[in-house]
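Below is the file final_15.pdb, which contains PDB, C-alpha atoms.
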ATOM      1  CA  MET A 139     104.780   7.813 -77.193
ATOM      2  CA  ASN A 140     103.250  10.418 -74.905
ATOM      3  CA  SER A 141     105.261  13.644 -74.597
ATOM      4  CA  ARG A 142     103.674  14.671 -71.281
ATOM      5  CA  PRO A 143     105.564  13.610 -68.173
ATOM      6  CA  ALA A 144     103.597  10.889 -66.418
ATOM      7  CA  PRO A 145     103.132  10.687 -62.680
ATOM      8  CA  PHE A 146     106.003   8.662 -61.294
ATOM      9  CA  ASP A 147     105.764   7.516 -57.696
ATOM     10  CA  GLU A 148     107.515   5.195 -55.244
ATOM     11  CA  LEU A 149     105.513   2.168 -56.441
ATOM     12  CA  ASP A 150     106.693   2.844 -60.007
ATOM     13  CA  ARG A 151     110.284   3.000 -58.725
ATOM     14  CA  LYS A 152     109.858  -0.340 -56.958
ATOM     15  CA  ILE A 153     108.398  -1.916 -60.107
ATOM     16  CA  ILE A 154     111.277  -0.606 -62.218
ATOM     17  CA  THR A 155     113.830  -1.794 -59.654
ATOM     18  CA  ALA A 156     112.303  -5.298 -59.700
ATOM     19  CA  LEU A 157     112.277  -5.421 -63.506
ATOM     20  CA  MET A 158     115.857  -4.166 -63.739
ATOM     21  CA  ALA A 159     116.971  -6.902 -61.352
ATOM     22  CA  ASN A 160     115.095  -9.562 -63.341
ATOM     23  CA  ALA A 161     112.919  -8.605 -66.304
ATOM     24  CA  ARG A 162     111.273 -12.035 -66.155
ATOM     25  CA  THR A 163     109.774 -11.389 -62.719
ATOM     26  CA  SER A 164     106.022 -11.881 -62.995
ATOM     27  CA  PHE A 165     103.579  -9.086 -62.313
ATOM     28  CA  ALA A 166     102.160 -11.262 -59.507
ATOM     29  CA  GLU A 167     105.593 -11.581 -57.860
ATOM     30  CA  ILE A 168     106.219  -7.851 -58.127
ATOM     31  CA  GLY A 169     102.734  -7.099 -56.828
ATOM     32  CA  ALA A 170     103.183  -9.384 -53.824
ATOM     33  CA  ALA A 171     106.469  -7.661 -52.977
ATOM     34  CA  ILE A 172     105.098  -4.114 -53.165
ATOM     35  CA  GLY A 173     101.467  -4.576 -52.140
ATOM     36  CA  LEU A 174      99.652  -4.362 -55.494
ATOM     37  CA  SER A 175      97.645  -6.826 -57.550
ATOM     38  CA  ALA A 176      99.199  -8.306 -60.684
ATOM     39  CA  THR A 177      96.666  -6.343 -62.737
ATOM     40  CA  ALA A 178      97.673  -3.060 -61.089
ATOM     41  CA  VAL A 179     101.359  -3.820 -61.738
ATOM     42  CA  LYS A 180     100.587  -4.592 -65.398
ATOM     43  CA  ARG A 181      98.706  -1.299 -65.799
ATOM     44  CA  ARG A 182     101.644   0.586 -64.318
ATOM     45  CA  VAL A 183     104.176  -1.246 -66.506
ATOM     46  CA  ASP A 184     102.028  -0.531 -69.583
ATOM     47  CA  ARG A 185     101.912   3.168 -68.631
ATOM     48  CA  LEU A 186     105.679   3.240 -68.010
ATOM     49  CA  ARG A 187     106.221   1.687 -71.451
ATOM     50  CA  ASP A 188     103.749   4.066 -73.150
ATOM     51  CA  THR A 189     105.472   7.113 -71.647
ATOM     52  CA  GLY A 190     108.958   5.904 -72.576
ATOM     53  CA  VAL A 191     110.216   5.299 -69.041
ATOM     54  CA  ILE A 192     110.619   1.579 -69.809
ATOM     55  CA  THR A 193     112.100   1.295 -73.279
ATOM     56  CA  GLY A 194     112.362  -2.480 -73.598
ATOM     57  CA  PHE A 195     113.330  -5.792 -72.088
ATOM     58  CA  SER A 196     116.463  -7.776 -72.880
ATOM     59  CA  ALA A 197     118.590 -10.723 -71.861
ATOM     60  CA  THR A 198     122.130 -10.353 -70.561
ATOM     61  CA  VAL A 199     124.370 -12.943 -72.177
ATOM     62  CA  GLU A 200     127.915 -14.011 -71.359
ATOM     63  CA  PRO A 201     129.865 -12.413 -74.244
ATOM     64  CA  SER A 202     132.365 -15.267 -74.589
ATOM     65  CA  ALA A 203     129.489 -17.712 -75.144
ATOM     66  CA  LEU A 204     128.695 -15.773 -78.324
ATOM     67  CA  GLY A 205     132.283 -15.579 -79.521
ATOM     68  CA  TRP A 206     133.140 -12.158 -78.058
ATOM     69  CA  ARG A 207     136.435 -12.937 -76.313
ATOM     70  CA  THR A 208     138.166  -9.567 -76.724
ATOM     71  CA  GLU A 209     136.808  -6.251 -75.545
ATOM     72  CA  ALA A 210     138.105  -2.697 -75.701
ATOM     73  CA  TYR A 211     137.128   0.932 -75.401
ATOM     74  CA  VAL A 212     138.397   3.194 -78.161
ATOM     75  CA  GLU A 213     138.739   6.959 -77.939
ATOM     76  CA  VAL A 214     138.176   8.547 -81.357
ATOM     77  CA  TYR A 215     139.724  11.899 -82.276
ATOM     78  CA  CYS A 216     138.402  13.627 -85.395
ATOM     79  CA  GLU A 217     139.793  16.224 -87.796
ATOM     80  CA  GLY A 218     137.841  19.395 -87.177
ATOM     81  CA  ALA A 219     134.343  19.128 -85.810
ATOM     82  CA  ALA A 220     132.824  15.855 -86.982
ATOM     83  CA  PRO A 221     129.075  16.041 -86.440
ATOM     84  CA  PRO A 222     127.613  13.320 -84.194
ATOM     85  CA  ARG A 223     125.316  12.326 -87.076
ATOM     86  CA  ARG A 224     128.348  11.441 -89.232
ATOM     87  CA  LEU A 225     129.987   9.511 -86.388
ATOM     88  CA  ALA A 226     126.732   7.579 -85.893
ATOM     89  CA  GLU A 227     126.704   6.617 -89.589
ATOM     90  CA  VAL A 228     130.230   5.241 -89.306
ATOM     91  CA  VAL A 229     129.711   3.209 -86.142
ATOM     92  CA  ARG A 230     126.508   1.645 -87.475
ATOM     93  CA  ASN A 231     128.625   0.058 -90.228
ATOM     94  CA  HIS A 232     130.675  -1.916 -87.682
ATOM     95  CA  PRO A 233     128.714  -4.676 -85.918
ATOM     96  CA  GLU A 234     131.575  -5.101 -83.444
ATOM     97  CA  ILE A 235     130.832  -1.658 -81.967
ATOM     98  CA  VAL A 236     128.271  -2.443 -79.272
ATOM     99  CA  ALA A 237     128.032   1.097 -77.882
ATOM    100  CA  ALA A 238     129.167   4.515 -79.039
ATOM    101  CA  MET A 239     128.813   7.976 -77.607
ATOM    102  CA  THR A 240     130.134  11.481 -78.054
ATOM    103  CA  VAL A 241     132.051  12.677 -75.014
ATOM    104  CA  THR A 242     133.571  15.743 -73.412
ATOM    105  CA  GLY A 243     137.316  16.064 -73.005
ATOM    106  CA  GLY A 244     140.006  15.516 -75.591
ATOM    107  CA  ALA A 245     138.322  12.730 -77.554
ATOM    108  CA  ASP A 246     135.309  13.297 -79.777
ATOM    109  CA  ALA A 247     133.763   9.875 -79.212
ATOM    110  CA  LEU A 248     134.135   6.716 -77.173
ATOM    111  CA  LEU A 249     133.442   3.312 -78.708
ATOM    112  CA  HIS A 250     132.828   0.028 -76.895
ATOM    113  CA  VAL A 251     134.137  -2.736 -79.165
ATOM    114  CA  ARG A 252     133.780  -6.515 -78.862
ATOM    115  CA  ALA A 253     135.721  -8.879 -81.118
ATOM    116  CA  ARG A 254     136.510 -12.572 -81.433
ATOM    117  CA  ASP A 255     140.193 -12.105 -80.635
ATOM    118  CA  VAL A 256     142.995  -9.526 -80.754
ATOM    119  CA  GLU A 257     143.513  -9.997 -84.497
ATOM    120  CA  HIS A 258     139.834  -9.344 -85.150
ATOM    121  CA  PHE A 259     139.964  -6.267 -82.893
ATOM    122  CA  GLU A 260     142.958  -4.974 -84.857
ATOM    123  CA  GLU A 261     141.035  -5.429 -88.112
ATOM    124  CA  VAL A 262     138.051  -3.523 -86.665
ATOM    125  CA  LEU A 263     140.344  -0.746 -85.503
ATOM    126  CA  GLU A 264     141.867  -0.449 -88.973
ATOM    127  CA  ARG A 265     138.369  -0.218 -90.518
ATOM    128  CA  ILE A 266     137.536   2.601 -88.111
ATOM    129  CA  ARG A 267     140.826   4.438 -88.742
ATOM    130  CA  ILE A 268     140.353   4.395 -92.526
ATOM    131  CA  GLU A 269     137.539   6.955 -92.247
ATOM    132  CA  PRO A 270     138.930  10.199 -93.691
ATOM    133  CA  PHE A 271     137.831  12.433 -90.797
ATOM    134  CA  ILE A 272     139.328  10.265 -88.037
ATOM    135  CA  ARG A 273     142.693  11.693 -86.961
ATOM    136  CA  LYS A 274     143.662   9.118 -84.328
ATOM    137  CA  THR A 275     142.384   6.511 -81.908
ATOM    138  CA  ILE A 276     143.502   5.404 -78.478
ATOM    139  CA  SER A 277     142.471   1.916 -77.362
ATOM    140  CA  TYR A 278     142.016   0.459 -73.898
ATOM    141  CA  MET A 279     141.748  -3.340 -73.748
ATOM    142  CA  VAL A 280     139.436  -4.668 -71.037
ATOM    143  CA  LEU A 281     141.216  -7.152 -68.777
ATOM    144  CA  SER A 282     138.351  -7.906 -66.378
ATOM    145  CA  HIS A 283     135.024  -6.495 -65.246
ATOM    146  CA  LEU A 284     135.060  -5.221 -61.681
ATOM    147  CA  LEU A 285     131.247  -5.179 -61.689
ATOM    148  CA  PRO A 286     130.439  -8.409 -63.581
ATOM    149  CA  GLU A 287     126.686  -7.945 -63.088
ATOM    150  CA  SER A 288     126.677  -4.575 -64.887
ATOM    151  CA  PRO A 289     125.090  -4.298 -68.343
ATOM    152  CA  GLU A 290     128.495  -3.445 -69.810
ATOM    153  CA  ALA A 291     129.760  -6.898 -68.815
ATOM    154  CA  GLY A 292     127.061  -8.612 -70.904
ATOM    155  CA  ALA A 293     126.279  -8.691 -74.596
ATOM    156  CA  SER A 294     123.054  -7.596 -76.239
ATOM    157  CA  GLN A 295     123.732  -8.855 -79.734
ATOM    158  CA  PRO A 296     125.333 -11.903 -81.327
ATOM    159  CA  ALA A 297     128.992 -12.084 -82.244
ATOM    160  CA  PRO A 298     130.012 -10.973 -85.709
ATOM    161  CA  PRO A 299     130.174 -13.665 -88.375
ATOM    162  CA  GLY A 300     133.257 -15.795 -88.453
ATOM    163  CA  PRO A 301     134.852 -18.793 -86.812
ATOM    164  CA  VAL A 302     134.735 -19.082 -83.041
ATOM    165  CA  THR A 303     138.040 -20.244 -81.633
TER
END

Will you turn the file into C-alpha coordinates for me?
Amino acid sequence: MNSRPAPFDELDRKIITALMANARTSFAEIGAAIGLSATAVKRRVDRLRDTGVITGFSATVEPSALGWRTEAYVEVYCEGAAPPRRLAEVVRNHPEIVAAMTVTGGADALLHVRARDVEHFEEVLERIRIEPFIRKTISYMVLSHLLPESPEAGASQPAPPGPVT
(Lines of atoms letter the chains of each structure in order from A and count residues from 1; the text may use other names and numbers.)
(Lines give C-alpha, C1' and ligand atoms only; values in the text may rest on other atoms or scores of the structure.)
Protein backbone atom coordinates (compact mmCIF):
# COMPACT_ATOMS: atom_id res chain seq x y z
CA MET A 1 0.00 0.00 0.00
CA ASN A 2 1.28 3.45 -0.91
CA SER A 3 1.86 5.77 2.07
CA ARG A 4 1.68 8.97 0.00
CA PRO A 5 -1.74 10.61 -0.17
CA ALA A 6 -3.13 10.18 -3.67
CA PRO A 7 -4.94 12.89 -5.57
CA PHE A 8 -8.61 12.59 -4.73
CA ASP A 9 -11.06 14.57 -6.83
CA GLU A 10 -14.80 14.89 -7.43
CA LEU A 11 -14.79 12.03 -9.97
CA ASP A 12 -13.21 9.76 -7.34
CA ARG A 13 -15.94 10.79 -4.89
CA LYS A 14 -18.63 9.96 -7.44
CA ILE A 15 -17.05 6.56 -8.12
CA ILE A 16 -16.87 5.78 -4.41
CA THR A 17 -20.46 6.92 -3.89
CA ALA A 18 -21.64 4.62 -6.70
CA LEU A 19 -19.69 1.65 -5.32
CA MET A 20 -20.95 2.26 -1.79
CA ALA A 21 -24.53 2.27 -3.07
CA ASN A 22 -23.96 -0.95 -5.03
CA ALA A 23 -20.51 -2.55 -5.20
CA ARG A 24 -21.68 -4.66 -8.15
CA THR A 25 -22.20 -1.62 -10.37
CA SER A 26 -20.11 -2.10 -13.50
CA PHE A 27 -17.32 0.26 -14.43
CA ALA A 28 -19.27 0.99 -17.64
CA GLU A 29 -22.38 1.99 -15.67
CA ILE A 30 -20.37 4.21 -13.35
CA GLY A 31 -18.51 5.73 -16.30
CA ALA A 32 -21.75 6.51 -18.14
CA ALA A 33 -23.12 8.24 -15.04
CA ILE A 34 -20.06 10.42 -14.44
CA GLY A 35 -18.71 10.94 -17.96
CA LEU A 36 -15.72 8.56 -18.02
CA SER A 37 -14.92 5.41 -19.98
CA ALA A 38 -15.09 2.06 -18.21
CA THR A 39 -11.31 1.81 -18.55
CA ALA A 40 -10.80 5.19 -16.87
CA VAL A 41 -13.12 4.16 -14.01
CA LYS A 42 -11.19 0.89 -13.58
CA ARG A 43 -7.87 2.76 -13.42
CA ARG A 44 -9.28 5.08 -10.77
CA VAL A 45 -10.74 2.19 -8.74
CA ASP A 46 -7.40 0.35 -8.96
CA ARG A 47 -5.60 3.49 -7.72
CA LEU A 48 -8.14 3.97 -4.90
CA ARG A 49 -7.59 0.34 -3.86
CA ASP A 50 -3.78 0.63 -4.10
CA THR A 51 -3.76 3.74 -1.89
CA GLY A 52 -6.09 2.21 0.70
CA VAL A 53 -9.07 4.48 0.07
CA ILE A 54 -11.15 1.46 -1.02
CA THR A 55 -10.38 -1.37 1.37
CA GLY A 56 -12.64 -4.08 -0.03
CA PHE A 57 -16.01 -5.10 -1.36
CA SER A 58 -18.66 -7.03 0.55
CA ALA A 59 -22.25 -8.21 0.51
CA THR A 60 -24.83 -7.02 3.01
CA VAL A 61 -26.88 -9.96 4.24
CA GLU A 62 -30.08 -10.08 6.27
CA PRO A 63 -28.76 -11.24 9.68
CA SER A 64 -31.79 -13.39 10.50
CA ALA A 65 -31.25 -15.38 7.29
CA LEU A 66 -27.93 -16.51 8.76
CA GLY A 67 -29.33 -17.33 12.19
CA TRP A 68 -28.55 -14.00 13.88
CA ARG A 69 -31.91 -13.22 15.49
CA THR A 70 -30.70 -11.35 18.59
CA GLU A 71 -28.51 -8.28 18.57
CA ALA A 72 -27.06 -6.10 21.30
CA TYR A 73 -24.45 -3.49 22.07
CA VAL A 74 -22.39 -4.12 25.18
CA GLU A 75 -20.44 -1.50 27.10
CA VAL A 76 -17.34 -3.05 28.69
CA TYR A 77 -15.76 -1.58 31.82
CA CYS A 78 -12.28 -2.80 32.75
CA GLU A 79 -10.28 -2.94 35.98
CA GLY A 80 -7.53 -0.38 35.64
CA ALA A 81 -6.32 0.52 32.19
CA ALA A 82 -6.76 -2.48 29.92
CA PRO A 83 -4.70 -1.91 26.79
CA PRO A 84 -6.65 -1.97 23.51
CA ARG A 85 -4.35 -4.77 22.32
CA ARG A 86 -5.56 -7.02 25.17
CA LEU A 87 -9.21 -6.14 24.50
CA ALA A 88 -8.68 -6.99 20.82
CA GLU A 89 -7.30 -10.42 21.77
CA VAL A 90 -10.38 -11.14 23.86
CA VAL A 91 -12.97 -10.06 21.29
CA ARG A 92 -11.29 -12.06 18.52
CA ASN A 93 -12.06 -15.20 20.54
CA HIS A 94 -15.82 -14.58 20.30
CA PRO A 95 -17.24 -15.03 16.79
CA GLU A 96 -20.52 -13.46 17.94
CA ILE A 97 -18.78 -10.09 18.35
CA VAL A 98 -19.14 -8.53 14.91
CA ALA A 99 -17.60 -5.16 15.81
CA ALA A 100 -15.61 -3.82 18.73
CA MET A 101 -14.06 -0.48 19.49
CA THR A 102 -12.50 1.46 22.33
CA VAL A 103 -14.54 4.52 23.25
CA THR A 104 -14.44 7.72 25.26
CA GLY A 105 -16.70 8.19 28.25
CA GLY A 106 -17.28 5.85 31.15
CA ALA A 107 -16.91 2.56 29.27
CA ASP A 108 -13.60 1.28 27.97
CA ALA A 109 -15.03 -0.51 24.94
CA LEU A 110 -18.24 -1.03 23.01
CA LEU A 111 -19.06 -4.40 21.48
CA HIS A 112 -21.63 -5.17 18.78
CA VAL A 113 -22.88 -8.70 19.43
CA ARG A 114 -25.11 -10.93 17.29
CA ALA A 115 -26.50 -14.21 18.63
CA ARG A 116 -29.04 -16.87 17.69
CA ASP A 117 -31.38 -16.00 20.55
CA VAL A 118 -31.44 -14.44 24.02
CA GLU A 119 -30.06 -17.59 25.66
CA HIS A 120 -27.12 -17.61 23.26
CA PHE A 121 -26.53 -13.90 23.91
CA GLU A 122 -26.51 -14.57 27.66
CA GLU A 123 -23.91 -17.32 27.15
CA VAL A 124 -21.74 -14.94 25.08
CA LEU A 125 -22.05 -12.28 27.75
CA GLU A 126 -20.95 -14.73 30.44
CA ARG A 127 -17.91 -15.71 28.34
CA ILE A 128 -16.98 -12.04 28.04
CA ARG A 129 -17.51 -11.35 31.76
CA ILE A 130 -15.25 -14.24 32.81
CA GLU A 131 -12.17 -12.33 31.63
CA PRO A 132 -10.29 -11.33 34.79
CA PHE A 133 -9.81 -7.66 33.82
CA ILE A 134 -13.47 -7.00 32.97
CA ARG A 135 -15.19 -5.29 35.90
CA LYS A 136 -18.71 -4.99 34.49
CA THR A 137 -20.80 -4.84 31.34
CA ILE A 138 -23.94 -2.98 30.41
CA SER A 139 -26.02 -4.39 27.55
CA TYR A 140 -28.45 -2.71 25.19
CA MET A 141 -30.66 -5.08 23.17
CA VAL A 142 -31.51 -3.86 19.67
CA LEU A 143 -35.26 -3.79 19.09
CA SER A 144 -35.27 -2.43 15.53
CA HIS A 145 -33.03 -0.62 13.08
CA LEU A 146 -34.16 2.91 12.32
CA LEU A 147 -31.85 2.98 9.29
CA PRO A 148 -32.32 -0.55 7.89
CA GLU A 149 -30.05 0.16 4.90
CA SER A 150 -27.06 1.00 7.13
CA PRO A 151 -24.12 -1.42 7.31
CA GLU A 152 -24.87 -2.01 11.00
CA ALA A 153 -28.24 -3.53 10.04
CA GLY A 154 -26.55 -6.20 7.90
CA ALA A 155 -24.18 -9.04 8.65
CA SER A 156 -20.73 -9.53 7.20
CA GLN A 157 -20.05 -13.01 8.50
CA PRO A 158 -22.00 -16.22 9.00
CA ALA A 159 -23.82 -17.08 12.20
CA PRO A 160 -21.93 -18.99 14.86
CA PRO A 161 -22.24 -22.77 14.77
CA GLY A 162 -25.33 -24.25 16.29
CA PRO A 163 -28.96 -24.98 15.56
CA VAL A 164 -31.05 -22.31 13.89
CA THR A 165 -34.47 -22.04 15.47

What do you get, as a short mmCIF file (atom, residue, chain, number, x, y, z; two decimals) with C-alpha atoms, in the frame of the given file, if you spell out every residue that the PyMOL selection byres ((chain A and resi 273) around 7) selects here?
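That gives us result-v2.cif:
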data_model
loop_
_atom_site.label_atom_id
_atom_site.label_comp_id
_atom_site.auth_asym_id
_atom_site.auth_seq_id
_atom_site.Cartn_x
_atom_site.Cartn_y
_atom_site.Cartn_z
CA TYR A 215 139.72 11.90 -82.28
CA CYS A 216 138.40 13.63 -85.40
CA GLU A 217 139.79 16.22 -87.80
CA PHE A 271 137.83 12.43 -90.80
CA ILE A 272 139.33 10.26 -88.04
CA LYS A 274 143.66 9.12 -84.33
#

Interatomic distance, CA of Leu186 (chain A) to CA of Pro289 (chain A) (Å, one decimal):
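Computing it gives 20.8 Å between the two atoms.
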
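In this comparison, which uses all atoms listed in the file, the residue of A:Ala247, A:Val179, A:Val236, A:Ile154 approaching Glu209 (chain A) most closely is A:Val236.
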
Can you list what the PyMOL selection byres ((chain A and resi 254-269) around 6) grabs from this structure, as a ChimeraX atom specification?
/A:205-208,253,270-272

Residue subset to file, keeping C-alpha atoms, as a PDB file, keeping the file's coordinate frame:
ATOM      1  CA  GLY A 205     132.283 -15.579 -79.521  1.00  0.00           C
ATOM      2  CA  TRP A 206     133.140 -12.158 -78.058  1.00  0.00           C
ATOM      3  CA  ARG A 207     136.435 -12.937 -76.313  1.00  0.00           C
ATOM      4  CA  THR A 208     138.166  -9.567 -76.724  1.00  0.00           C
ATOM      5  CA  ALA A 253     135.721  -8.879 -81.118  1.00  0.00           C
ATOM      6  CA  PRO A 270     138.930  10.199 -93.691  1.00  0.00           C
ATOM      7  CA  PHE A 271     137.831  12.433 -90.797  1.00  0.00           C
ATOM      8  CA  ILE A 272     139.328  10.265 -88.037  1.00  0.00           C
TER       9      ILE A 272
END

Find the residues around region 163-177 of chain A up to 8 Å (all atoms listed in the file counted), leave out those fewer than 3 positions away in its own chain, and share them as a VMD selection string.
chain A and resid 149 152 to 153 156 to 157 160 180 to 181

Taking C-alpha atoms for each residue, export the selection above as a PDB file, keeping the file's coordinate frame.
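Written output follows (out_36.pdb):
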ATOM      1  CA  LEU A 149     105.513   2.168 -56.441  1.00  0.00           C
ATOM      2  CA  LYS A 152     109.858  -0.340 -56.958  1.00  0.00           C
ATOM      3  CA  ILE A 153     108.398  -1.916 -60.107  1.00  0.00           C
ATOM      4  CA  ALA A 156     112.303  -5.298 -59.700  1.00  0.00           C
ATOM      5  CA  LEU A 157     112.277  -5.421 -63.506  1.00  0.00           C
ATOM      6  CA  ASN A 160     115.095  -9.562 -63.341  1.00  0.00           C
ATOM      7  CA  LYS A 180     100.587  -4.592 -65.398  1.00  0.00           C
ATOM      8  CA  ARG A 181      98.706  -1.299 -65.799  1.00  0.00           C
TER       9      ARG A 181
END

For Tyr278 (chain A), which residue among A:Glu213, A:Glu200, A:Asp147, A:Asp188 is the nearest when counting all atoms listed in the file?
A:Glu213
